[in-house]
$ cat my_file20.txt   # compact mmCIF, C-alpha atoms
# COMPACT_ATOMS: atom_id res chain seq x y z
CA MET A 1 28.94 8.71 38.50
CA GLU A 2 26.67 5.73 38.98
CA LEU A 3 23.65 7.31 37.26
CA LEU A 4 25.69 8.06 34.14
CA ASP A 5 26.97 4.47 34.03
CA ARG A 6 23.42 3.17 34.34
CA TYR A 7 22.37 5.51 31.55
CA LEU A 8 25.18 4.34 29.27
CA GLN A 9 24.35 0.72 30.04
CA ALA A 10 20.75 1.37 28.98
CA VAL A 11 21.94 3.03 25.75
CA LYS A 12 24.33 0.13 25.03
CA ARG A 13 21.48 -2.37 25.16
CA HIS A 14 19.93 -0.77 22.04
CA LEU A 15 23.11 -0.29 20.01
CA PRO A 16 24.31 -2.54 17.17
CA TRP A 17 26.41 -5.20 18.93
CA GLU A 18 29.50 -4.86 16.70
CA ARG A 19 29.94 -1.15 17.57
CA GLN A 20 28.54 -1.07 21.11
CA ASP A 21 31.82 -0.78 23.01
CA ASP A 22 33.33 1.80 20.69
CA ILE A 23 30.25 4.03 20.74
CA ILE A 24 29.81 3.76 24.50
CA ALA A 25 33.48 4.59 25.14
CA GLU A 26 33.19 7.71 23.01
CA LEU A 27 29.83 8.74 24.47
CA LYS A 28 31.16 8.22 27.98
CA ALA A 29 34.24 10.40 27.33
CA ASN A 30 32.04 13.16 25.89
CA LEU A 31 29.46 13.05 28.67
CA GLU A 32 32.09 12.87 31.41
CA SER A 33 33.80 15.96 29.98
CA GLN A 34 30.46 17.72 29.91
CA LEU A 35 29.78 16.64 33.50
CA GLU A 36 33.17 17.92 34.62
CA ASP A 37 32.45 21.29 33.03
CA LYS A 38 29.07 21.48 34.73
CA GLU A 39 30.51 20.57 38.12
CA SER A 40 33.43 23.01 37.83
CA GLU A 41 30.92 25.77 36.94
CA LEU A 42 28.85 24.94 40.04
CA GLY A 43 31.91 24.25 42.21
CA ARG A 44 30.30 21.07 43.51
CA PRO A 45 29.06 17.71 42.26
CA LEU A 46 25.62 17.57 40.69
CA THR A 47 22.81 16.56 43.00
CA LYS A 48 20.79 13.46 42.12
CA GLU A 49 17.94 15.64 40.81
CA GLU A 50 20.28 17.78 38.69
CA ALA A 51 21.94 14.69 37.23
CA GLU A 52 18.55 13.21 36.39
CA GLU A 53 17.49 16.47 34.73
CA TRP A 54 20.73 16.57 32.70
CA LEU A 55 20.33 12.99 31.46
CA LYS A 56 16.68 13.66 30.63
CA GLN A 57 17.82 16.53 28.43
CA ILE A 58 20.16 14.22 26.53
CA GLY A 59 17.20 11.97 25.76
CA PRO A 60 15.75 8.51 26.42
CA PRO A 61 18.41 5.76 25.95
CA ILE A 62 16.45 4.04 23.18
CA GLN A 63 16.24 7.27 21.16
CA VAL A 64 19.88 8.13 21.67
CA ALA A 65 20.88 4.61 20.56
CA ALA A 66 18.53 4.79 17.57
CA ARG A 67 20.50 7.72 16.13
CA TYR A 68 23.52 5.44 15.81
CA GLN A 69 21.64 2.83 13.80
CA ARG A 70 22.80 2.56 10.20
CA GLN A 71 19.38 1.61 8.86
CA GLN A 72 16.35 3.74 9.58
CA TYR A 73 14.05 2.34 6.89
CA LEU A 74 12.53 -1.03 6.27
CA ILE A 75 12.26 0.06 2.63
CA GLY A 76 14.00 3.33 1.82
CA PRO A 77 12.96 6.10 -0.56
CA ALA A 78 15.17 4.81 -3.40
CA VAL A 79 13.50 1.38 -3.42
CA PHE A 80 9.99 2.39 -2.33
CA PRO A 81 8.50 3.49 -5.70
CA THR A 82 9.46 0.15 -7.27
CA TYR A 83 8.22 -1.73 -4.21
CA TRP A 84 4.86 0.03 -4.41
CA PHE A 85 4.54 -0.67 -8.13
CA VAL A 86 5.42 -4.37 -7.73
CA LEU A 87 3.16 -4.74 -4.69
CA ARG A 88 0.10 -3.46 -6.56
CA LEU A 89 0.94 -5.64 -9.55
CA VAL A 90 1.35 -8.75 -7.39
CA LEU A 91 -1.88 -8.11 -5.47
CA ALA A 92 -3.85 -7.61 -8.67
CA TRP A 93 -2.47 -10.80 -10.24
CA ALA A 94 -2.87 -12.78 -7.01
CA THR A 95 -6.56 -11.81 -6.99
CA VAL A 96 -7.02 -12.83 -10.63
CA ILE A 97 -5.17 -16.15 -10.28
CA TYR A 98 -6.92 -17.00 -7.02
CA ALA A 99 -10.33 -16.19 -8.54
CA ILE A 100 -9.67 -18.42 -11.57
CA ALA A 101 -8.26 -21.28 -9.47
CA LYS A 102 -11.15 -21.17 -7.00
CA THR A 103 -13.76 -20.93 -9.76
CA LEU A 104 -12.31 -24.00 -11.46
CA ASP A 105 -12.10 -25.85 -8.12
CA ILE A 106 -15.69 -25.03 -7.23
CA ALA A 107 -16.90 -25.98 -10.71
CA ALA A 108 -14.92 -29.23 -10.83
CA HIS A 109 -16.22 -30.40 -7.47
CA GLY A 110 -19.74 -29.05 -7.93
CA LEU A 111 -19.55 -27.04 -4.71
CA GLY A 112 -22.28 -24.61 -3.74
CA ALA A 113 -22.74 -21.07 -2.45
CA GLY A 114 -21.04 -21.91 0.87
CA ALA A 115 -17.78 -22.66 -0.95
CA ILE A 116 -18.03 -19.36 -2.87
CA ILE A 117 -18.52 -17.37 0.34
CA ALA A 118 -15.59 -19.21 1.97
CA ALA A 119 -13.39 -18.51 -1.07
CA VAL A 120 -14.23 -14.78 -1.01
CA ALA A 121 -13.64 -14.62 2.76
CA TYR A 122 -10.19 -16.24 2.33
CA LEU A 123 -9.06 -13.73 -0.30
CA PRO A 124 -7.78 -11.12 2.23
CA TRP A 125 -5.41 -13.73 3.70
CA ILE A 126 -4.06 -14.57 0.26
CA LEU A 127 -3.43 -10.86 -0.38
CA LEU A 128 -1.83 -10.42 3.04
CA ILE A 129 0.56 -13.33 2.48
CA ASN A 130 1.53 -12.03 -0.96
CA ALA A 131 2.05 -8.52 0.40
CA ALA A 132 4.22 -9.90 3.21
CA ILE A 133 6.40 -11.86 0.77
CA VAL A 134 6.90 -8.84 -1.52
CA THR A 135 7.69 -6.63 1.49
CA LEU A 136 10.24 -9.12 2.82
CA VAL A 137 11.97 -9.39 -0.55
CA PHE A 138 12.24 -5.61 -0.91
CA ALA A 139 13.34 -5.18 2.71
CA ALA A 140 16.12 -7.72 1.98
CA ILE A 141 17.13 -5.78 -1.16
CA GLU A 142 17.21 -2.56 0.89
CA GLN A 143 19.30 -4.16 3.64
CA ALA A 144 21.73 -5.78 1.20
CA SER A 145 22.32 -2.56 -0.73
CA LEU A 146 22.95 -0.68 2.53
CA ARG A 147 25.18 -3.24 4.18
CA TYR A 148 27.24 -4.09 1.13
CA PRO A 149 27.24 -0.90 -0.93
CA GLY A 150 30.40 -1.87 -2.85
CA LYS A 151 29.32 -5.41 -3.65
CA CYS A 152 25.68 -4.77 -4.62
CA ALA A 153 24.85 -2.79 -7.73
CA PRO A 154 22.86 0.35 -6.83
CA PHE A 155 19.15 -0.31 -7.04
CA ALA A 156 17.97 0.76 -10.47
CA PRO A 157 14.47 2.19 -10.54
CA MET A 158 11.99 0.61 -12.94
CA ALA A 159 12.25 1.76 -16.56
CA PRO A 160 15.38 3.89 -16.10
CA GLU A 161 15.48 4.71 -19.80
CA TRP A 162 12.39 6.43 -21.09
CA SER A 163 11.40 8.89 -23.70
CA PRO A 164 8.60 11.48 -23.42
CA ALA A 165 7.55 10.46 -26.95
CA GLY A 166 6.84 6.96 -25.67
CA LEU A 167 4.32 8.15 -23.07
CA PRO A 168 0.79 6.78 -23.59
CA PRO A 169 -1.83 9.14 -25.07
CA ILE A 170 -4.20 11.01 -22.74
CA GLU A 171 -6.88 8.65 -21.50
CA VAL A 172 -10.50 9.56 -22.14
CA ASP A 173 -12.36 9.62 -18.85
CA GLY A 174 -15.26 7.51 -20.09
CA GLU A 175 -16.58 6.83 -16.61
CA ASN A 176 -17.20 10.44 -15.74
CA LYS A 177 -18.40 11.49 -19.19
CA PRO A 178 -22.13 12.32 -19.08
CA ARG A 179 -24.38 9.87 -20.94
CA SER A 180 -25.81 11.24 -24.18
CA PHE A 181 -29.52 11.71 -24.88
CA ALA A 182 -29.29 9.30 -27.83
CA LYS A 183 -27.78 6.59 -25.66
CA ALA A 184 -30.41 7.02 -22.94
CA LEU A 185 -33.19 6.91 -25.56
CA ALA A 186 -31.68 3.81 -27.20
CA GLU A 187 -31.52 2.08 -23.83
CA VAL A 188 -35.22 2.71 -23.22
CA ILE A 189 -36.26 1.61 -26.74
CA PHE A 190 -34.11 -1.52 -26.84
CA GLY A 191 -34.93 -2.34 -23.21
CA SER A 192 -38.66 -2.25 -24.07
CA LEU A 193 -38.16 -4.34 -27.20
CA PHE A 194 -36.13 -6.88 -25.27
CA LEU A 195 -38.75 -7.16 -22.55
CA ALA A 196 -41.53 -7.62 -25.12
CA TRP A 197 -39.48 -10.29 -26.91
CA PHE A 198 -38.69 -12.03 -23.63
CA LEU A 199 -42.37 -12.09 -22.61
CA LEU A 200 -43.27 -13.72 -25.92
CA VAL A 201 -40.63 -16.48 -25.68
CA PRO A 202 -42.75 -18.91 -23.56
CA HIS A 203 -45.56 -18.74 -26.12
CA TYR A 204 -43.32 -18.77 -29.19
CA PRO A 205 -40.12 -20.66 -28.22
CA TYR A 206 -38.75 -20.38 -31.77
CA LEU A 207 -38.19 -16.67 -31.06
CA MET A 208 -35.31 -17.78 -28.84
CA PHE A 209 -34.26 -21.15 -30.22
CA GLY A 210 -35.21 -20.80 -33.88
CA PRO A 211 -35.82 -24.15 -35.66
CA GLY A 212 -34.15 -25.83 -32.65
CA ALA A 213 -37.36 -25.23 -30.68
CA TRP A 214 -39.09 -28.10 -32.53
CA TYR A 215 -36.10 -30.37 -31.91
CA LEU A 216 -36.09 -29.51 -28.19
CA ALA A 217 -39.81 -30.23 -28.02
CA SER A 218 -39.17 -33.71 -29.44
CA LEU A 219 -36.66 -34.59 -26.68
CA PRO A 220 -37.83 -36.81 -23.82
CA TYR A 221 -36.90 -34.02 -21.31
CA LYS A 222 -38.71 -30.95 -20.02
CA LEU A 223 -37.66 -27.97 -17.94
CA ALA A 224 -38.07 -28.27 -14.16
CA PRO A 225 -40.61 -25.85 -12.58
CA VAL A 226 -37.73 -23.84 -11.07
CA TRP A 227 -37.05 -22.41 -14.56
CA TRP A 228 -40.42 -20.65 -14.45
CA THR A 229 -39.45 -18.98 -11.19
CA PHE A 230 -36.11 -18.08 -12.82
CA TYR A 231 -37.88 -16.71 -15.88
CA TRP A 232 -40.30 -14.50 -13.94
CA CYS A 233 -37.47 -13.31 -11.78
CA LEU A 234 -35.61 -12.16 -14.92
CA VAL A 235 -38.76 -10.53 -16.27
CA GLY A 236 -39.21 -8.70 -12.96
CA LEU A 237 -35.60 -7.50 -12.91
CA ASN A 238 -35.74 -6.27 -16.51
CA ALA A 239 -39.07 -4.55 -15.94
CA PHE A 240 -37.70 -2.92 -12.78
CA GLU A 241 -34.57 -1.62 -14.55
CA LEU A 242 -36.56 -0.44 -17.56
CA THR A 243 -39.00 1.45 -15.33
CA TRP A 244 -36.09 3.13 -13.61
CA LYS A 245 -34.59 4.17 -16.97
CA VAL A 246 -37.94 5.47 -18.22
CA VAL A 247 -38.43 7.52 -15.05
CA ASP A 248 -34.92 8.99 -15.42
CA PHE A 249 -35.59 9.73 -19.06
CA VAL A 250 -38.92 11.48 -18.37
CA ARG A 251 -37.36 13.49 -15.53
CA GLY A 252 -34.47 14.50 -17.78
CA ALA A 253 -31.98 12.84 -15.42
CA TRP A 254 -30.34 10.52 -17.97
CA GLN A 255 -26.97 12.27 -18.00
CA GLY A 256 -25.64 11.21 -14.62
CA ARG A 257 -24.11 7.80 -14.15
CA LYS A 258 -25.62 5.67 -11.38
CA PRO A 259 -22.91 3.34 -10.13
CA LEU A 260 -24.87 2.44 -6.99
CA ARG A 261 -27.89 1.41 -9.05
CA HIS A 262 -25.66 -0.57 -11.37
CA LEU A 263 -24.24 -2.43 -8.38
CA ALA A 264 -27.73 -3.01 -6.94
CA MET A 265 -28.87 -4.55 -10.25
CA HIS A 266 -25.74 -6.68 -10.24
CA ALA A 267 -26.54 -7.92 -6.74
CA LEU A 268 -30.18 -8.60 -7.67
CA SER A 269 -29.04 -10.68 -10.64
CA LEU A 270 -27.68 -13.19 -8.14
CA ILE A 271 -31.25 -14.05 -7.09
CA PRO A 272 -32.34 -15.91 -10.27
CA LEU A 273 -28.98 -17.73 -10.46
CA GLY A 274 -29.26 -18.66 -6.78
CA LEU A 275 -32.78 -19.99 -7.40
CA LEU A 276 -31.45 -22.39 -10.04
CA MET A 277 -28.60 -23.49 -7.81
CA LEU A 278 -31.07 -24.28 -5.03
CA ALA A 279 -33.41 -26.28 -7.31
CA PRO A 280 -34.90 -29.29 -5.47
CA GLU A 281 -32.52 -32.26 -5.78
CA HIS A 282 -30.46 -30.15 -8.23
CA ALA A 283 -32.87 -31.26 -10.94
CA LEU A 284 -33.02 -28.60 -13.65
CA PHE A 285 -34.42 -30.96 -16.30
CA LEU A 286 -36.97 -33.71 -15.79
CA MET A 287 -38.22 -36.66 -17.81
CA LYS A 288 -41.45 -36.09 -19.68
CA ASN A 289 -42.35 -39.68 -19.16
CA PRO A 290 -40.19 -41.13 -16.36
CA ALA A 291 -41.73 -44.60 -16.45
CA ALA A 292 -40.93 -45.10 -20.14
CA ASP A 293 -37.68 -43.16 -20.58
CA ALA A 294 -35.81 -43.55 -17.26
CA ALA A 295 -33.84 -46.61 -18.32
CA ALA A 296 -32.79 -45.26 -21.72
CA HIS A 297 -32.14 -41.60 -20.88
CA GLY A 298 -31.65 -41.48 -17.08
CA ALA A 299 -27.84 -41.30 -17.16
CA GLN A 300 -27.91 -38.67 -19.91
CA LEU A 301 -30.34 -36.57 -17.91
CA ALA A 302 -28.21 -36.77 -14.75
CA SER A 303 -25.15 -35.72 -16.74
CA ALA A 304 -27.04 -32.78 -18.31
CA ASN A 305 -28.30 -31.65 -14.89
CA LYS A 306 -24.79 -31.79 -13.43
CA GLY A 307 -23.22 -29.93 -16.38
CA VAL A 308 -25.76 -27.11 -16.40
CA LEU A 309 -25.61 -26.76 -12.62
CA THR A 310 -21.80 -26.44 -12.81
CA ALA A 311 -22.10 -23.75 -15.48
CA ILE A 312 -24.61 -21.86 -13.31
CA THR A 313 -22.31 -22.13 -10.29
CA ILE A 314 -19.43 -20.67 -12.33
CA ALA A 315 -21.67 -17.84 -13.54
CA PHE A 316 -22.72 -17.19 -9.94
CA ALA A 317 -19.07 -17.07 -8.82
CA ILE A 318 -18.18 -14.65 -11.63
CA VAL A 319 -21.07 -12.34 -10.72
CA VAL A 320 -20.02 -12.42 -7.03
CA LEU A 321 -16.44 -11.51 -7.98
CA GLN A 322 -17.66 -8.70 -10.25
CA LEU A 323 -19.79 -7.46 -7.39
CA VAL A 324 -16.88 -7.56 -4.91
CA TRP A 325 -14.70 -5.76 -7.45
CA GLY A 326 -17.40 -3.15 -8.07
CA VAL A 327 -17.96 -2.52 -4.36
CA GLY A 328 -14.20 -2.31 -3.75
CA LYS A 329 -13.70 0.10 -6.66
CA MET A 330 -16.59 2.26 -5.48
CA GLY A 331 -15.14 2.31 -1.96
CA VAL A 332 -11.69 3.33 -3.24
CA ASP A 333 -13.20 6.04 -5.49
CA ALA A 334 -15.27 7.41 -2.58
CA TYR A 335 -12.20 7.43 -0.32
CA ARG A 336 -10.11 9.24 -2.95
CA LYS A 337 -12.81 11.84 -3.46
CA ARG A 338 -13.09 12.40 0.29
CA VAL A 339 -9.32 12.77 0.68
CA ALA A 340 -9.15 15.12 -2.33
CA ALA A 341 -12.01 17.21 -0.91
CA ALA A 342 -10.33 17.41 2.48
CA GLN A 343 -7.06 18.75 0.98
CA MET B 344 1.82 21.32 20.15
CA THR B 345 -0.66 22.70 17.63
CA LEU B 346 -0.76 21.48 14.04
CA THR B 347 0.90 24.68 12.80
CA GLU B 348 3.61 24.46 15.45
CA ASN B 349 4.20 20.83 14.53
CA LEU B 350 4.46 21.70 10.85
CA PHE B 351 6.84 24.55 11.61
CA GLU B 352 9.00 22.28 13.77
CA ASN B 353 9.23 19.66 11.03
CA LEU B 354 10.17 22.25 8.42
CA ARG B 355 12.68 23.84 10.77
CA LEU B 356 14.36 20.49 11.41
CA GLU B 357 14.44 19.79 7.68
CA LEU B 358 16.03 23.18 7.04
CA ARG B 359 18.58 22.71 9.81
CA ARG B 360 19.63 19.18 8.85
CA GLY B 361 21.89 20.13 5.94
CA CYS B 362 23.16 23.22 7.73
CA LEU B 363 24.32 21.13 10.68
CA THR B 364 26.45 18.95 8.43
CA LEU B 365 28.00 22.03 6.87
CA ALA B 366 28.65 23.57 10.29
CA VAL B 367 30.31 20.40 11.58
CA LEU B 368 32.51 20.09 8.49
CA ALA B 369 33.48 23.77 8.79
CA GLN B 370 34.40 23.40 12.45
CA LEU B 371 36.39 20.22 11.89
CA LYS B 372 39.03 21.95 9.81
CA GLN B 373 40.54 21.94 13.30
CA GLU B 374 40.70 18.73 15.27
CA HIS B 375 38.07 18.24 17.97
CA TYR B 376 36.56 15.50 20.06
CA GLY B 377 32.78 15.35 20.46
CA TYR B 378 32.27 17.54 23.48
CA THR B 379 34.71 20.34 22.54
CA LEU B 380 33.24 20.37 19.04
CA ARG B 381 29.79 20.83 20.53
CA LYS B 382 31.05 23.68 22.70
CA ALA B 383 32.84 25.33 19.77
CA LEU B 384 29.70 25.14 17.62
CA ALA B 385 27.54 26.51 20.45
CA ALA B 386 30.01 29.39 20.98
CA ARG B 387 29.43 30.36 17.32
CA GLY B 388 25.65 30.18 17.65
CA MET B 389 25.10 26.66 16.32
CA GLU B 390 23.61 24.72 19.25
CA MET B 391 23.35 20.98 18.73
CA ASP B 392 22.01 18.17 20.90
CA GLU B 393 24.42 15.44 21.94
CA SER B 394 22.14 12.84 20.44
CA THR B 395 22.34 14.63 17.08
CA LEU B 396 25.99 15.59 16.95
CA TYR B 397 27.73 12.40 18.11
CA PRO B 398 25.94 10.03 15.70
CA LEU B 399 26.42 12.60 12.92
CA LEU B 400 30.18 12.43 13.46
CA ARG B 401 30.04 8.66 13.07
CA ARG B 402 28.04 8.91 9.86
CA LEU B 403 30.36 11.52 8.34
CA GLU B 404 33.33 9.34 9.23
CA ALA B 405 31.67 6.28 7.67
CA GLN B 406 31.13 8.36 4.51
CA GLY B 407 34.84 9.13 4.43
CA LEU B 408 34.47 12.86 5.10
CA LEU B 409 36.16 12.70 8.51
CA THR B 410 39.06 10.80 9.99
CA SER B 411 39.30 9.94 13.67
CA GLU B 412 41.74 8.62 16.21
CA TRP B 413 41.59 7.63 19.87
CA ARG B 414 44.01 9.61 22.01
CA GLU B 415 44.49 10.23 25.70
CA GLU B 416 43.89 13.74 26.92
CA ASP B 417 43.46 14.84 30.55
CA LYS B 418 43.81 11.21 31.64
CA ARG B 419 40.85 10.21 29.50
CA ASN B 420 40.68 8.42 26.17
CA LYS B 421 38.87 10.56 23.61
CA ARG B 422 38.07 10.19 19.97
CA PHE B 423 39.34 13.13 17.93
CA TYR B 424 37.84 13.97 14.56
CA LYS B 425 39.24 15.97 11.65
CA LEU B 426 38.22 16.70 8.09
CA SER B 427 39.70 14.13 5.66
CA SER B 428 41.12 15.18 2.29
CA GLU B 429 37.94 13.97 0.60
CA GLY B 430 35.96 15.84 3.26
CA GLU B 431 37.84 19.04 2.43
CA GLN B 432 36.89 18.75 -1.25
CA ILE B 433 33.27 17.98 -0.49
CA PHE B 434 33.13 20.79 2.05
CA ALA B 435 34.45 23.30 -0.51
CA ARG B 436 31.75 22.26 -2.98
CA LEU B 437 29.03 22.32 -0.33
CA LEU B 438 30.15 25.78 0.71
CA GLU B 439 29.82 26.97 -2.88
CA GLU B 440 26.32 25.52 -3.01
CA TRP B 441 25.45 27.13 0.32
CA ASN B 442 26.64 30.54 -0.87
CA SER B 443 24.69 30.22 -4.07
CA ILE B 444 21.50 29.28 -2.18
CA ASN B 445 22.09 32.07 0.28
CA THR B 446 22.48 34.62 -2.53
CA ALA B 447 19.37 33.32 -4.30
CA ILE B 448 17.29 33.48 -1.13
CA SER B 449 18.57 36.98 -0.37
CA ASN B 450 17.55 38.04 -3.87
CA LEU B 451 14.12 36.55 -3.36
CA LEU B 452 13.46 38.24 -0.01
$ encode --input "my_file20.txt" --output "structure tokens"
Amino acid sequence: MELLDRYLQAVKRHLPWERQDDIIAELKANLESQLEDKESELGRPLTKEEAEEWLKQIGPPIQVAARYQRQQYLIGPAVFPTYWFVLRLVLAWATVIYAIAKTLDIAAHGLGAGAIIAAVAYLPWILLINAAIVTLVFAAIEQASLRYPGKCAPFAPMAPEWSPAGLPPIEVDGENKPRSFAKALAEVIFGSLFLAWFLLVPHYPYLMFGPGAWYLASLPYKLAPVWWTFYWCLVGLNAFELTWKVVDFVRGAWQGRKPLRHLAMHALSLIPLGLLMLAPEHALFLMKNPAADAAAHGAQLASANKGVLTAITIAFAIVVLQLVWGVGKMGVDAYRKRVAAAQ
Amino acid sequence: MTLTENLFENLRLELRRGCLTLAVLAQLKQEHYGYTLRKALAARGMEMDESTLYPLLRRLEAQGLLTSEWREEDKRNKRFYKLSSEGEQIFARLLEEWNSINTAISNLL
């Protein structure tokens, strides 16, 4: 029957090459016997439509061939738990190593915000490449253990020997624990004291620098005007956060944790750092008397400006990474809660 | 297919999977080739698709539970399968397990 031969040819195309002929010969013998039975029952050959219907019942060639495949998994159930554990470990470490390497690179070359944004945007590719490598390695382990079961040792799951006594103690869920009244009160009191102290610093610099304030005043340098903008920005942020805490305290709403607010404050803290990074001509310190001191202290001043700017850039990068981490963690937590609620 | 129907179908297939292996091993105490085995199983109420049975025979043979040989019958070369000695031992143990499960389920119902 021509239709049956065409069907078998289509099945053969999807079979493993080393067993194609053997499987097709067997399948052909079985299907021909079945066909003979059908035709002897009817007392006539099958019509084209009946033959098509019969072959459709057996199934699409690709599916029939797939049942003969030895390997159905890229990574099977025996290997998967270890794969998943290693994958998460590798992704976490890849993120940490990449963040450190990029921070050092940006700091060493004195790169700006553009480089930080580019580094953050490139992170998903780094993670994707690492995930692909781990997946390939584990797929190879899976294939090897299936193809050469006698030669490869069976895949041992991680930590095969364990003792219940060695299990870690129950973790305290600090994140979801309500904040105490004492802690909320302390935050308001110390926040107010800090703000008062901070407002007094410009008038009494020794409150911040101690005896060093008189030494700093004797130096031939002064702070660039951008530091005043930075200072008032910090005052504004602290005042804003303190007001929020006071309002919560008065309303009796101090118990709940406010992760979104925490993230918002984190994001706002980028503004003062960004202001310093964008200082005109990257000059954070200026000469008090340029005409007299430029020759003697010019190089020192340039070096100080560069060093402080680098430190600020690193701080900016760290805050951005913390922010990305915080947003990611919040997203994952929200997703988990939604999935748990749906179940 | 509704979600419930889909769930039922998945559970049904899962339940049947082990039973099919047991049925095939039981039937292959006598020698059969693919098609006659399928007919014999169907005659005893265990219907099986071609695309399930024929690859299953290959897998059981690869696991050493069956032996096979090509032989001509009715002017056609056919592959005949039979339970191997290892297959007989495994089948006996599986049967014990099946009976124990069957008894436990009967007690539960």
$ residues_near_point --input "my_file20.txt" --point "(36.0, 13.4, 4.6)" --cutoff "6 Å" --atoms "all atoms listed in the file" --output "ChimeraX atom specification"
/B:407-409,426-430
$ interface_residues --input "my_file20.txt" --of "chain B" --to "chain A" --cutoff "9 Å" --atoms "only C-alpha atoms" --output "PyMOL selection string"
chain B and resi 376-379+392-395+397-399+401-402+413+419-422
$ atom_distance --input "my_file20.txt" --atom1 "atom CA of A:Pro168" --atom2 "atom CA of A:Tyr83"
22.4 Å
$ axis_aligned_box --input "my_file20.txt" --around "stretch 2-11 of chain A" --padding-each-side "8 Å" --output "AutoDock Vina command-line options"
--center_x 23.9 --center_y 4.4 --center_z 32.4 --size_x 22.2 --size_y 23.3 --size_z 29.2
$ atom_distance --input "my_file20.txt" --atom1 "atom CA of A:Val320" --atom2 "atom CA of A:Ser269"
9.9 Å
$ atom_distance --input "my_file20.txt" --atom1 "atom CA of B:Ile433" --atom2 "atom CA of B:Gly361"
13.2 Å
$ residues_around --input "my_file20.txt" --residues "A:Phe285" --least-positions-apart "2" --cutoff "6 Å" --atoms "all atoms listed in the file" --output "ChimeraX atom specification"
/A:222-224,283
$ residues_around --input "my_file20.txt" --residues "B:Glu431" --least-positions-apart "6" --cutoff "10 Å" --atoms "only C-alpha atoms" --output "short mmCIF file (atom, residue, chain, number, x, y, z; two decimals) with C-alpha atoms, in the frame of the given file"
data_model
loop_
_atom_site.label_atom_id
_atom_site.label_comp_id
_atom_site.auth_asym_id
_atom_site.auth_seq_id
_atom_site.Cartn_x
_atom_site.Cartn_y
_atom_site.Cartn_z
CA LEU B 368 32.51 20.09 8.49
CA ALA B 369 33.48 23.77 8.79
CA LEU B 371 36.39 20.22 11.89
CA LYS B 372 39.03 21.95 9.81
CA LEU B 408 34.47 12.86 5.10
CA LEU B 409 36.16 12.70 8.51
CA LYS B 425 39.24 15.97 11.65
CA LEU B 437 29.03 22.32 -0.33
#
$ closest_residue --input "my_file20.txt" --among "A:Ile106, A:Leu136, A:Leu91, A:Ala253" --to "A:Pro124" --atoms "all atoms listed in the file"
A:Leu91
$ residues_around --input "my_file20.txt" --residues "A:Ile318" --least-positions-apart "6" --cutoff "12 Å" --atoms "only C-alpha atoms" --output "ChimeraX atom specification"
/A:96,99-100,102-104,106-107,116,120,266-267,269-270,273,311-312,324-325
$ closest_residue --input "my_file20.txt" --among "A:Val339, A:Ala101, A:Ala139, A:Leu276" --to "A:Cys233" --atoms "all atoms listed in the file"
A:Leu276
$ closest_residue --input "my_file20.txt" --among "A:Leu200, A:Ala118, A:Ala131, A:Leu286" --to "A:Arg88" --atoms "only C-alpha atoms"
A:Ala131
$ residues_around --input "my_file20.txt" --residues "stretch 207-219 of chain A" --least-positions-apart "5" --cutoff "10 Å" --atoms "all atoms listed in the file" --output "ChimeraX atom specification"
/A:197-198,200-202,287-288
